[in-house]
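Below is one structure, written out as structure tokens; comments come after it.
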Amino acid sequence: MKKLSARRRHPLAAVVVLLLALAATGGLYAAFAPASQAQADETAQSLAIDEGKKLYAVGCASCHGTGGQGSSDGPSLVGVGAAAVDFQVGTGRMPAQQPGAQIPKKKVIYTQAEIDQLAAYIASLGAGPSVPTKNQVSPEGADIAKGGELFRTNCAQCHNFTGKGGALSEGKFAPDLEGVSPKHIYEAMQTGPQNMPSFPDTIMSEQNKKDVIAYLDAVNGGDTVEPGGLSLGGLGPVSEGLFAWIFGLGALIAVAVWVAARTAKAKK
């Protein structure tokens, strides 16, 4: 009897075994759950690339080549990144209706899901700028004054002081930036579409890009007051003064000529 009682388990033994089992289960979950999530993400990415490749073959390959290598009708897309695709297709510039000095903005023909798939495929061809996150384009923490300084230094030569746009040489132009989404402005700075130079993070930091976006939102917002009257393309009182000077001076010259002519006739 003593021998049997010695082998009898302690009352807490079952609790200990249960806790060990739960711990083992948790350890297994911790070990395999992240891997399962990563595998699911990888599968979703692969599906997006496959679908994007199909869309590319129909709408883009005729100009940019079957593998994105480019052709005489379109540049190579290897290394342009997802941001370039999101900007060009998301603003309707691509697919282009016809070649020209500059491809204008037009109605978007793809859904955002399809644009994401196209971007995933192009990104798989070579590393390039990625689509910015909501935090990267958020005006929170931005310095509007700094953004204005940066915009006037780097962008106003083409886009005008407040982003109203302007004409360039040989049929090219800088588009109006009013109403353009912050994401597309950020992507344009990252990728340098068409005639625009690119401003990667090594040249213009992520914070500086946020500053520029906040400045454009401020000067083109509904609450902005223009004390100079008519903006005349965003130049304000300077352009109005020039307008008054040229036409006012011209009117004075015309009046002087008319008075001189009338005086000469009167003397005769």
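Residues in the structure tokens are named by chain (A, B, ... in the order shown) and by number from 1 within that chain; ligands are numbered from 1 in the order shown.
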At a cut-off of 12 Å, using only C-alpha atoms, what residues contact segment 63-72 of chain A? Leave out same-chain residues fewer than 6 positions from it and give the result as a list in words.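 Contacts, in chain order: Lys53, Lys54, Leu55, Tyr56, Ala57, Val78, Gly79, Val80, Gly81, Met94, Pro95, Ala96, Gln97, Gln98, Pro99, Leu118, Tyr121, Ile122, Ala123, Ser124, Leu125 and Gly126 of chain A.
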Would you give me, as JSON lines, each residue of segment 190-218 of chain A having an atom within 12 Å of an atom of segment 155-174 of chain A, along with its shortest atom pair and that distance in Å to one decimal, using only C-alpha atoms and sorting by chain and residue number?
```
{"residue": "A:Gly192", "atom": "CA", "partner": "A:Cys155", "partner_atom": "CA", "distance": 11.8}
{"residue": "A:Pro193", "atom": "CA", "partner": "A:Ala174", "partner_atom": "CA", "distance": 10.8}
{"residue": "A:Gln194", "atom": "CA", "partner": "A:Lys172", "partner_atom": "CA", "distance": 9.4}
{"residue": "A:Asn195", "atom": "CA", "partner": "A:Lys172", "partner_atom": "CA", "distance": 7.8}
{"residue": "A:Met196", "atom": "CA", "partner": "A:Ala174", "partner_atom": "CA", "distance": 8.2}
{"residue": "A:Pro197", "atom": "CA", "partner": "A:Cys155", "partner_atom": "CA", "distance": 9.6}
{"residue": "A:Ser198", "atom": "CA", "partner": "A:Cys155", "partner_atom": "CA", "distance": 11.1}
{"residue": "A:Phe199", "atom": "CA", "partner": "A:Cys155", "partner_atom": "CA", "distance": 10.8}
{"residue": "A:Lys209", "atom": "CA", "partner": "A:Cys155", "partner_atom": "CA", "distance": 12.0}
{"residue": "A:Val212", "atom": "CA", "partner": "A:Cys155", "partner_atom": "CA", "distance": 9.8}
{"residue": "A:Ile213", "atom": "CA", "partner": "A:Gly163", "partner_atom": "CA", "distance": 10.8}
{"residue": "A:Ala214", "atom": "CA", "partner": "A:Thr162", "partner_atom": "CA", "distance": 11.9}
{"residue": "A:Tyr215", "atom": "CA", "partner": "A:Thr162", "partner_atom": "CA", "distance": 8.7}
{"residue": "A:Leu216", "atom": "CA", "partner": "A:Thr162", "partner_atom": "CA", "distance": 6.8}
{"residue": "A:Asp217", "atom": "CA", "partner": "A:Thr162", "partner_atom": "CA", "distance": 9.7}
{"residue": "A:Ala218", "atom": "CA", "partner": "A:Thr162", "partner_atom": "CA", "distance": 9.6}
```
Using only all heavy atoms, please write the residues we just selected to a file, as a CSV table (one decimal), in the first residue's frame.
```csv
chain,number,residue,atom,x,y,z
A,192,GLY,N,9.5,62.5,-61.1
A,192,GLY,CA,9.9,63.5,-62.2
A,192,GLY,C,9.2,63.1,-63.5
A,192,GLY,O,9.9,62.8,-64.5
A,193,PRO,N,7.9,63.2,-63.6
A,193,PRO,CA,7.2,62.8,-64.8
A,193,PRO,C,7.5,63.7,-66.0
A,193,PRO,O,7.5,64.9,-65.8
A,193,PRO,CB,5.7,62.7,-64.4
A,193,PRO,CG,5.7,63.7,-63.3
A,193,PRO,CD,6.9,63.6,-62.6
A,194,GLN,N,7.6,63.2,-67.2
A,194,GLN,CA,7.7,63.9,-68.4
A,194,GLN,C,8.9,65.0,-68.3
A,194,GLN,O,10.0,64.6,-68.2
A,194,GLN,CB,6.4,64.5,-68.8
A,194,GLN,CG,5.3,63.4,-69.0
A,194,GLN,CD,4.1,63.9,-69.6
A,194,GLN,OE1,3.9,63.8,-70.8
A,194,GLN,NE2,3.1,64.2,-68.8
A,195,ASN,N,8.5,66.3,-68.3
A,195,ASN,CA,9.5,67.3,-68.4
A,195,ASN,C,10.0,67.8,-67.0
A,195,ASN,O,10.9,68.6,-66.9
A,195,ASN,CB,9.0,68.6,-69.1
A,195,ASN,CG,8.5,68.2,-70.5
A,195,ASN,OD1,9.3,67.8,-71.3
A,195,ASN,ND2,7.2,68.4,-70.7
A,196,MET,N,9.4,67.2,-66.0
A,196,MET,CA,9.8,67.6,-64.6
A,196,MET,C,11.0,66.9,-64.1
A,196,MET,O,11.1,65.7,-64.2
A,196,MET,CB,8.5,67.4,-63.7
A,196,MET,CG,8.8,67.8,-62.2
A,196,MET,SD,7.2,67.5,-61.3
A,196,MET,CE,7.9,67.7,-59.6
A,197,PRO,N,11.9,67.6,-63.4
A,197,PRO,CA,13.0,66.9,-62.7
A,197,PRO,C,12.5,66.1,-61.5
A,197,PRO,O,11.5,66.5,-60.9
A,197,PRO,CB,14.0,68.0,-62.4
A,197,PRO,CG,13.1,69.2,-62.2
A,197,PRO,CD,12.0,69.1,-63.2
A,198,SER,N,13.2,65.1,-61.2
A,198,SER,CA,12.8,64.3,-60.0
A,198,SER,C,13.5,64.9,-58.7
A,198,SER,O,14.6,65.4,-58.8
A,198,SER,CB,13.2,62.8,-60.1
A,198,SER,OG,14.6,62.7,-60.3
A,199,PHE,N,12.9,64.7,-57.6
A,199,PHE,CA,13.4,65.2,-56.3
A,199,PHE,C,13.3,64.0,-55.3
A,199,PHE,O,12.4,64.0,-54.5
A,199,PHE,CB,12.6,66.3,-55.8
A,199,PHE,CG,12.6,67.6,-56.6
A,199,PHE,CD1,11.7,67.8,-57.6
A,199,PHE,CD2,13.6,68.5,-56.4
A,199,PHE,CE1,11.8,68.9,-58.4
A,199,PHE,CE2,13.7,69.7,-57.2
A,199,PHE,CZ,12.8,69.9,-58.2
A,209,LYS,N,9.0,67.4,-48.7
A,209,LYS,CA,7.9,67.2,-49.6
A,209,LYS,C,6.5,67.5,-48.9
A,209,LYS,O,5.6,68.0,-49.5
A,209,LYS,CB,7.9,65.7,-50.1
A,209,LYS,CG,9.1,65.4,-51.0
A,209,LYS,CD,9.0,64.0,-51.6
A,209,LYS,CE,10.1,63.7,-52.5
A,209,LYS,NZ,11.4,63.6,-51.9
A,212,VAL,N,6.0,71.2,-48.9
A,212,VAL,CA,5.6,71.7,-50.2
A,212,VAL,C,4.1,71.4,-50.5
A,212,VAL,O,3.3,72.3,-50.9
A,212,VAL,CB,6.4,71.1,-51.4
A,212,VAL,CG1,5.8,71.4,-52.7
A,212,VAL,CG2,7.8,71.6,-51.3
A,213,ILE,N,3.7,70.2,-50.1
A,213,ILE,CA,2.2,69.8,-50.3
A,213,ILE,C,1.4,70.7,-49.4
A,213,ILE,O,0.3,71.2,-49.8
A,213,ILE,CB,2.1,68.3,-49.9
A,213,ILE,CG1,2.7,67.5,-51.0
A,213,ILE,CG2,0.6,68.0,-49.8
A,213,ILE,CD1,2.8,66.0,-50.6
A,214,ALA,N,1.8,71.0,-48.2
A,214,ALA,CA,1.0,71.8,-47.3
A,214,ALA,C,0.9,73.2,-47.8
A,214,ALA,O,-0.1,73.9,-47.7
A,214,ALA,CB,1.6,71.8,-45.9
A,215,TYR,N,2.0,73.7,-48.4
A,215,TYR,CA,2.0,75.1,-49.0
A,215,TYR,C,1.0,75.2,-50.1
A,215,TYR,O,0.2,76.1,-50.2
A,215,TYR,CB,3.4,75.4,-49.5
A,215,TYR,CG,3.4,76.7,-50.4
A,215,TYR,CD1,3.2,77.9,-49.8
A,215,TYR,CD2,3.6,76.5,-51.7
A,215,TYR,CE1,3.3,79.1,-50.7
A,215,TYR,CE2,3.6,77.6,-52.6
A,215,TYR,CZ,3.4,78.9,-52.0
A,215,TYR,OH,3.4,80.0,-52.8
A,216,LEU,N,1.0,74.2,-51.0
A,216,LEU,CA,0.1,74.2,-52.2
A,216,LEU,C,-1.4,74.2,-51.7
A,216,LEU,O,-2.2,74.8,-52.3
A,216,LEU,CB,0.4,73.1,-53.1
A,216,LEU,CG,1.7,73.3,-53.9
A,216,LEU,CD1,2.0,72.0,-54.7
A,216,LEU,CD2,1.6,74.4,-54.9
A,217,ASP,N,-1.6,73.3,-50.7
A,217,ASP,CA,-2.9,73.2,-50.1
A,217,ASP,C,-3.4,74.5,-49.5
A,217,ASP,O,-4.6,74.9,-49.6
A,217,ASP,CB,-3.0,72.1,-49.1
A,217,ASP,CG,-4.4,71.9,-48.5
A,217,ASP,OD1,-5.3,71.5,-49.3
A,217,ASP,OD2,-4.5,72.2,-47.3
A,218,ALA,N,-2.5,75.3,-48.9
A,218,ALA,CA,-2.8,76.5,-48.3
A,218,ALA,C,-3.1,77.6,-49.3
A,218,ALA,O,-4.1,78.3,-49.2
A,218,ALA,CB,-1.7,77.0,-47.3
```
What gap, in Å, lies between atom CA of Asp201 of chain A and atom CA of Ile185 of chain A?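 Spanning atom CA of Asp201 of chain A to atom CA of Ile185 of chain A is a straight-line distance of 14.2 Å.
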Where in segment 7-233 of chain A does DSSP assign strand (DSSP E or B), given as number ranges by chain? A: 71, 74, 166-167, 173-174
Find the residues near Ala113 of chain A: any atom within 12 Å, counting only C-alpha atoms, skip ones fewer than 5 places away on the same chain, and give them as an mmCIF file with all heavy atoms, in the first residue's frame.
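Everything below was put into out-v1.cif:
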```cif
data_model
loop_
_atom_site.group_PDB
_atom_site.id
_atom_site.type_symbol
_atom_site.label_atom_id
_atom_site.label_comp_id
_atom_site.auth_asym_id
_atom_site.auth_seq_id
_atom_site.Cartn_x
_atom_site.Cartn_y
_atom_site.Cartn_z
ATOM 1 N N ALA A 48 -1.327 39.747 -57.441
ATOM 2 C CA ALA A 48 -1.401 41.120 -57.953
ATOM 3 C C ALA A 48 -0.453 41.304 -59.134
ATOM 4 O O ALA A 48 -0.812 41.950 -60.138
ATOM 5 C CB ALA A 48 -1.066 42.107 -56.842
ATOM 6 N N ILE A 49 0.735 40.739 -59.047
ATOM 7 C CA ILE A 49 1.705 40.845 -60.143
ATOM 8 C C ILE A 49 1.186 40.138 -61.395
ATOM 9 O O ILE A 49 1.286 40.663 -62.515
ATOM 10 C CB ILE A 49 3.063 40.263 -59.717
ATOM 11 C CG1 ILE A 49 3.699 41.153 -58.636
ATOM 12 C CG2 ILE A 49 4.005 40.124 -60.911
ATOM 13 C CD1 ILE A 49 4.954 40.574 -58.020
ATOM 14 N N GLU A 51 -1.977 39.536 -62.224
ATOM 15 C CA GLU A 51 -3.087 40.301 -62.794
ATOM 16 C C GLU A 51 -2.566 41.581 -63.466
ATOM 17 O O GLU A 51 -3.052 41.987 -64.516
ATOM 18 C CB GLU A 51 -4.100 40.659 -61.707
ATOM 19 C CG GLU A 51 -4.856 39.466 -61.144
ATOM 20 C CD GLU A 51 -5.653 38.743 -62.211
ATOM 21 O OE1 GLU A 51 -6.283 39.427 -63.046
ATOM 22 O OE2 GLU A 51 -5.629 37.497 -62.220
ATOM 23 N N GLY A 52 -1.580 42.205 -62.848
ATOM 24 C CA GLY A 52 -0.988 43.402 -63.430
ATOM 25 C C GLY A 52 -0.308 43.109 -64.762
ATOM 26 O O GLY A 52 -0.366 43.933 -65.688
ATOM 27 N N LEU A 55 -2.995 43.014 -67.415
ATOM 28 C CA LEU A 55 -3.433 44.369 -67.760
ATOM 29 C C LEU A 55 -2.373 45.084 -68.602
ATOM 30 O O LEU A 55 -2.700 45.803 -69.545
ATOM 31 C CB LEU A 55 -3.714 45.167 -66.483
ATOM 32 C CG LEU A 55 -4.919 44.728 -65.646
ATOM 33 C CD1 LEU A 55 -4.902 45.424 -64.291
ATOM 34 C CD2 LEU A 55 -6.219 45.028 -66.383
ATOM 35 N N ASP A 86 1.433 54.636 -60.442
ATOM 36 C CA ASP A 86 0.278 55.183 -59.732
ATOM 37 C C ASP A 86 -0.005 56.617 -60.166
ATOM 38 O O ASP A 86 -1.164 57.016 -60.297
ATOM 39 C CB ASP A 86 0.520 55.128 -58.221
ATOM 40 C CG ASP A 86 -0.727 55.438 -57.421
ATOM 41 O OD1 ASP A 86 -1.606 54.561 -57.339
ATOM 42 O OD2 ASP A 86 -0.836 56.554 -56.882
ATOM 43 N N VAL A 89 -0.927 56.517 -64.418
ATOM 44 C CA VAL A 89 -2.215 55.873 -64.703
ATOM 45 C C VAL A 89 -3.316 56.480 -63.842
ATOM 46 O O VAL A 89 -4.449 56.636 -64.287
ATOM 47 C CB VAL A 89 -2.112 54.350 -64.480
ATOM 48 C CG1 VAL A 89 -3.420 53.665 -64.835
ATOM 49 C CG2 VAL A 89 -0.974 53.764 -65.314
ATOM 50 N N GLY A 90 -2.971 56.852 -62.609
ATOM 51 C CA GLY A 90 -3.962 57.410 -61.691
ATOM 52 C C GLY A 90 -4.426 58.803 -62.059
ATOM 53 O O GLY A 90 -5.462 59.264 -61.566
ATOM 54 N N LEU A 118 -1.177 46.904 -61.721
ATOM 55 C CA LEU A 118 -0.185 47.353 -62.710
ATOM 56 C C LEU A 118 1.098 47.810 -62.019
ATOM 57 O O LEU A 118 2.209 47.497 -62.461
ATOM 58 C CB LEU A 118 -0.762 48.494 -63.543
ATOM 59 C CG LEU A 118 -1.589 48.133 -64.774
ATOM 60 C CD1 LEU A 118 -2.275 49.373 -65.327
ATOM 61 C CD2 LEU A 118 -0.722 47.482 -65.843
ATOM 62 N N ALA A 119 0.929 48.564 -60.927
ATOM 63 C CA ALA A 119 2.088 49.065 -60.183
ATOM 64 C C ALA A 119 2.899 47.916 -59.601
ATOM 65 O O ALA A 119 4.135 47.951 -59.597
ATOM 66 C CB ALA A 119 1.623 50.009 -59.078
ATOM 67 N N ALA A 120 2.206 46.875 -59.113
ATOM 68 C CA ALA A 120 2.906 45.721 -58.552
ATOM 69 C C ALA A 120 3.734 45.016 -59.630
ATOM 70 O O ALA A 120 4.873 44.592 -59.383
ATOM 71 C CB ALA A 120 1.901 44.758 -57.933
#
```
I need the residues in segment 11-165 of chain A that are helix (DSSP H, G or I) according to DSSP; give them as a PyMOL selection string. chain A and resi 13-59+61-64+81-90+112-125+134-137+144-154+156-159
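Here atom CA of Val58 of chain A and atom CA of Lys183 of chain A stand 26.4 Å from one another.
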If I take atom CA of Gly141 of chain A and atom CA of Glu206 of chain A, how far is one from the other in Å, to one decimal?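 The value is 11.8 Å.
Compared by their closest atoms to Gln207 of chain A, and using only C-alpha atoms, the residues A:Gly221, A:Gly248, A:Gly147, A:Gly179 rank with A:Gly147 nearest.
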Residue with the minimum atom-to-atom distance to Tyr186 of chain A, picked from A:Val259, A:Ala84, A:Ala101, A:Ala38 with only C-alpha atoms counted, is A:Ala84
